[in-house]
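For reference, the structure discussed in these notes is given below.
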Amino acid sequence: ASGETVSAYFLSPIFWERSDWLKVGGVTGVSALALPVDKSLRREVQDARGNSNHWLMRFGRHAGDGVPTVLMAYGFYSVGLVGGYEKLRTTGRLLFEGFFTAGATTSFLKTVTGRHRPYTDDGPFVMTPLGWKNRMRAFPSGHSTIGWVTAGVLAKQIDNTLADIALYSSAAVISASRIYHDK
């Protein structure tokens with residue numbers, strides 16, 4: 001089922017309906033409309049940050065990294081497989097699938113947009129499409145994408161309001177940490 005799920009994900013745009021394309025257009029439009037405030041938001045956050053490195057933002061920086069996500073997926077899958085816990089095994093598989101599909105999509109979009117990272121101080125409109133250097137791969141945020149995908153998978157599997165709040169709050173912290181760390 002895993003290979004079929006991943007294939008279905010990458011082939012899904014072929015079968016999208018008008019409403020799906022409108023959602024993509026809406027997200028793209030909102031992102032484009034946010035560009036003019038990008039520089040002032042960055043300046044405000046960096047001025048407020050100063051030389052501090054808040055523990056919550058450090059959490060966000062590391063939690064959105066791929067290694068913890070892969071280790072979590074491996075842990076869920078392994079415990080589920082060895083212990084005979086189907087839901088844990090499925091959760092691990094879903095985390096792997098989400099990491100792979102979201103990661104591949106984000107990497108593709110980063111390469112296509114080539115948006116420079118804020119720390120380069122090049123401005124929000126400077127992009128180098130097909131740029132492979134890390135300083136040209138700011139958008140979309142891989143950390144944020146992985147954080148939200150992980151939260152979504154776990155929230156769906158746990159199906160508990162308090163868990164949802166904690167998981168989606170963690171994803172929001174990961175996204176905020178990217179601005180905080182000037183990435």
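Scheme for the structure tokens: letters A, B, ... for chains in order shown; per-chain residue numbers from 1; ligand numbers from 1 in order shown.
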
Q.
Give me, as a VMD selection string, all polymer residues having an atom no more than 7 Å from Gly147 in chain A, counting only C-alpha atoms and skipping those fewer than 6 positions away in the same chain.
A. chain A and resid 64 171 174

Written file, previous selection with N, CA and C atoms, as a PDB file, in the first residue's frame:
ATOM      1  N   GLY A  64      11.774  20.432  13.540  1.00  0.00           N
ATOM      2  CA  GLY A  64      11.411  20.408  12.128  1.00  0.00           C
ATOM      3  C   GLY A  64      12.455  19.777  11.235  1.00  0.00           C
ATOM      4  N   ALA A 171       3.820  22.504  15.569  1.00  0.00           N
ATOM      5  CA  ALA A 171       4.077  22.838  14.167  1.00  0.00           C
ATOM      6  C   ALA A 171       4.167  24.355  13.984  1.00  0.00           C
ATOM      7  N   ILE A 174       7.520  25.497  15.112  1.00  0.00           N
ATOM      8  CA  ILE A 174       8.538  25.188  14.099  1.00  0.00           C
ATOM      9  C   ILE A 174       8.526  26.261  13.020  1.00  0.00           C
TER      10      ILE A 174
END

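For Asp65 in chain A, the residues within 8 Å (counting only C-alpha atoms, excluding itself and residues fewer than 3 positions away along the chain) are A:Arg61, A:His62, A:Pro68, A:Thr69, A:His143, A:Ile146.
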
Q: Could you give me, as a ChimeraX atom specification, the residues within 10 Å of Tyr119 in chain A, counting only C-alpha atoms and dropping anything in the same chain fewer than 6 positions from it?
A: /A:42,135,138,181-183

Q) Contacts of Phe96 in chain A at 10 Å or less, counting only C-alpha atoms, minus same-chain residues fewer than 4 places along, as a ChimeraX atom specification? A) /A:2,69-74,77,90-92,100-102,150

Q) Smallest atom-to-atom distance to Ser40 in chain A: which of A:Asp164, A:Pro118, A:Thr105, A:Arg178, using only C-alpha atoms? A)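 Distance minimum relative to Ser40 in chain A lands on A:Pro118.
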
**Q.** CA of His116 in chain A to CA of Phe99 in chain A, distance in Å rounded to a single decimal
**A.** 23.5 Å

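If you count only C-alpha atoms and ignore residues fewer than 5 places along the chain from Lys87 in chain A, what sits within 10 Å of it is Phe76, Tyr77, Gly80, Leu81, Gly92, Arg93, Gln157 and Ile158 of chain A.
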
Q: Would you please extract all helix (DSSP H, G or I) residues from range 3-134 of chain A, as assigned by DSSP on the backbone, and give them as a ChimeraX atom specification?
A: /A:3-15,18-49,55-63,66-83,86-113,118-120,134

(Q) Considering only C-alpha atoms, can you say which of A:Thr161, A:Gly50, A:Leu35, A:Gly103 comes closest to Arg115 in chain A? (A) A:Leu35

Q: Tell me which protein, DNA and RNA residues are within 9 Å of Thr128 in chain A, counting only C-alpha atoms, leaving out same-chain ones fewer than 3 positions away, and put them as number ranges by chain.
A: A: 111-116, 131, 136-137

Emit the selected residues as a PDB file, in the first residue's frame, including N, CA and C atoms.
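And here's again30.pdb as it stands now:
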ATOM      1  N   THR A 111      13.737  24.434  -5.322  1.00  0.00           N
ATOM      2  CA  THR A 111      14.589  24.524  -6.494  1.00  0.00           C
ATOM      3  C   THR A 111      13.966  25.413  -7.560  1.00  0.00           C
ATOM      4  N   VAL A 112      12.670  25.266  -7.770  1.00  0.00           N
ATOM      5  CA  VAL A 112      11.977  26.054  -8.784  1.00  0.00           C
ATOM      6  C   VAL A 112      11.936  27.534  -8.406  1.00  0.00           C
ATOM      7  N   THR A 113      11.614  27.842  -7.132  1.00  0.00           N
ATOM      8  CA  THR A 113      11.502  29.250  -6.744  1.00  0.00           C
ATOM      9  C   THR A 113      12.864  29.896  -6.509  1.00  0.00           C
ATOM     10  N   GLY A 114      13.769  29.185  -5.880  1.00  0.00           N
ATOM     11  CA  GLY A 114      15.103  29.734  -5.619  1.00  0.00           C
ATOM     12  C   GLY A 114      15.096  30.984  -4.761  1.00  0.00           C
ATOM     13  N   ARG A 115      14.124  31.106  -3.885  1.00  0.00           N
ATOM     14  CA  ARG A 115      14.042  32.309  -3.043  1.00  0.00           C
ATOM     15  C   ARG A 115      15.215  32.355  -2.068  1.00  0.00           C
ATOM     16  N   HIS A 116      15.866  33.501  -2.014  1.00  0.00           N
ATOM     17  CA  HIS A 116      17.021  33.668  -1.137  1.00  0.00           C
ATOM     18  C   HIS A 116      16.586  33.693   0.322  1.00  0.00           C
ATOM     19  N   GLY A 131      18.320  27.301  -8.291  1.00  0.00           N
ATOM     20  CA  GLY A 131      19.474  27.481  -7.416  1.00  0.00           C
ATOM     21  C   GLY A 131      19.607  26.307  -6.456  1.00  0.00           C
ATOM     22  N   MET A 136      19.841  29.878  -1.326  1.00  0.00           N
ATOM     23  CA  MET A 136      18.816  30.126  -2.349  1.00  0.00           C
ATOM     24  C   MET A 136      17.633  29.181  -2.197  1.00  0.00           C
ATOM     25  N   ARG A 137      17.454  28.620  -1.009  1.00  0.00           N
ATOM     26  CA  ARG A 137      16.410  27.595  -0.842  1.00  0.00           C
ATOM     27  C   ARG A 137      15.543  27.890   0.388  1.00  0.00           C
TER      28      ARG A 137
END
